[in-house]
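Each remark here refers to the structure printed beneath this line.
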Amino acid sequence: MAETRSALLRAYRVAGRLAVPGLSLLHARRVKHGKEDPARRGERFGHAGLVPRPGAHVWVHAASVGETNAVLPLIEWIVSRGFNVVLTTGTVTSARLAVERLPEGAVHQFVPYDVAPLVARFLNTWRPKLAIMVESEIWPATFSELASRHIPTVVVNGRMSERSGRGWARFGAGARSVFSCITLCLAQSQADAERFASLGVRDVRSTGNLKFDVPPLPHDKKALEALAAVIGDRPVWIAASTHPGEEAMLADIHRVLRAKREDLLLISVPRHPERGPEVADTFARAGHDVSLRSRGELVRRGSNVYVADTIGELGLFYRLASIAFIGGSLVPHGGQNPIEPAQIGCAIVSGSNVRNFSGIYRSLGEAGGARIVRDASGLQAELARLLDDPAEVARLAAAATGCAQSGQGALAAVKTVLETGLGKLLD
């Protein structure tokens, strides 16, 4: 069996090497669409964009903005223990966020593609004592390379949906050869822990969800005052982290809602800010008067949709709204993080496609802190009910905030495990 596992992993590594020329074409295409930073192309191929600091490094890898926010408090703690941190991510937006919020002693690099020579180049430069992967970042060549160098690999905030678990299980011994490279998995829930264990991780523990321990999203007080002044007492709802296909539905919903509440304002925050002009055009073509934040526009007297297509300001926009629709849930994406609006005090409404945050929504549902709708018509009806019932909005918001507070404790649990289980590395 061991020989079969090695053969499957070797085949993956060989395929990766053969794909390197194609990766250059892929990268160029992504640059065209604003999904890569052309000035930092080398980092995606394992070349360091910075000179490592003297001292020991811990490598932390997070996929995008949500995972980066979740792991920032842990990074701050690791740095406080005297380690340098190299944080890798795979998106332009997460790179910008990292530059703004990483503590002294931590730097950002784009993650190398999962091809053995590229990963080896990255590891040769940074020489981490420990690798920490956040949530569901499972990369066969990377894990294999780390294991061959005897670098402990820890998955924190581990998430494994039923669908992903079934998908990996189809690879049988090949999956076990990948997951057996993980030294320790600290999972979000017992169900996640059991799926990781079934795939071959030997040491798995359930420590809770780090996203509950992230401080509320920050905001600029002057920007909040400026927007609040021009909005005045208008009723406001926000559609946060929306994906393609959702804005057209929201445009129709908002038009119907405004038939009864002419001054109703929608703040539309696309998940990917570069889509801002496209989103603004969608609302404009549906007959709405639109303002676009990336152009420096505030909310005009006549505008009824404000497209907030900037980075790092979601905390500002949540504080302007009483009701938050969380995107990625009316289309088959899997949802986005509802903890952020819960912490700030929004009443939460979501579509039913929330597999990526199913545990969190389950907790919110049990606490009475979120409403789940099946489709656009259900969302329209739910928003209409809530806009007519401020007391229910306040009750939902309070329940969501209470749920967010009660879920805290994962960060302390993760620190404890890392201190006791990997004390030789973190001392």
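Chains: A, B, ... in order of the structure tokens. Residues: from 1 per chain. Ligands: from 1, in order shown.
Within the 6 Å cut-off around range 397-409 of chain A, using only C-alpha atoms and omitting residues fewer than 6 positions from it on the same chain, the listed residues are Phe212, Asp213, Ala342, Gln343, Gly345, Cys346, Ala347, Gly368 and Gly369 of chain A.
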Quiz item: Within 10 Å of range 137-149 of chain A, counting only C-alpha atoms, which residues qualify if same-chain residues fewer than 2 places away don't, as a VMD selection string?
Solution: chain A and resid 6 9 to 10 12 to 14 16 61 to 63 112 to 120 123 127 to 128 130 to 135 151 to 153 155 to 156 158 to 160 174 to 175 177 to 183
Taking only residues of range 245-344 of chain A that have an atom at most 10 Å from an atom of range 350-367 of chain A, what is each one's shortest atom pair and its distance in Å to one decimal, using only C-alpha atoms, in chain and number order, as a Markdown table?
| residue | atom | partner | partner_atom | distance |
| --- | --- | --- | --- | --- |
| A:Ala324 | CA | A:Ser350 | CA | 8.3 |
| A:Phe325 | CA | A:Ser350 | CA | 5.5 |
| A:Ile326 | CA | A:Ser350 | CA | 5.3 |
| A:Gly327 | CA | A:Ser350 | CA | 7.1 |
| A:Gly328 | CA | A:Asn353 | CA | 7.3 |
| A:Ser329 | CA | A:Asn353 | CA | 4.4 |
| A:Leu330 | CA | A:Gly351 | CA | 4.9 |
| A:Val331 | CA | A:Asn353 | CA | 6.8 |
| A:Pro332 | CA | A:Asn353 | CA | 5.9 |
| A:His333 | CA | A:Asn353 | CA | 6.8 |
| A:Gly334 | CA | A:Val354 | CA | 4.4 |
| A:Gly335 | CA | A:Val354 | CA | 4.3 |
| A:Gln336 | CA | A:Phe357 | CA | 7.0 |
| A:Asn337 | CA | A:Phe357 | CA | 6.8 |
| A:Pro338 | CA | A:Tyr361 | CA | 7.6 |
| A:Ile339 | CA | A:Ile360 | CA | 7.8 |
| A:Ala342 | CA | A:Leu364 | CA | 9.1 |
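Nearest residue to Arg44 in chain A, choosing from A:Ala56, A:Val236, A:Val111, A:Val31 and counting only C-alpha atoms: A:Val111.
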Quiz prompt | Residue list (helix (DSSP H, G or I), DSSP) for range 87-319 of chain A, as a PyMOL selection string | solution = chain A and resi 92-101+116-126+140-148+162-169+173-179+190-198+210-213+221-231+246-258+273-285+293-295+314-318
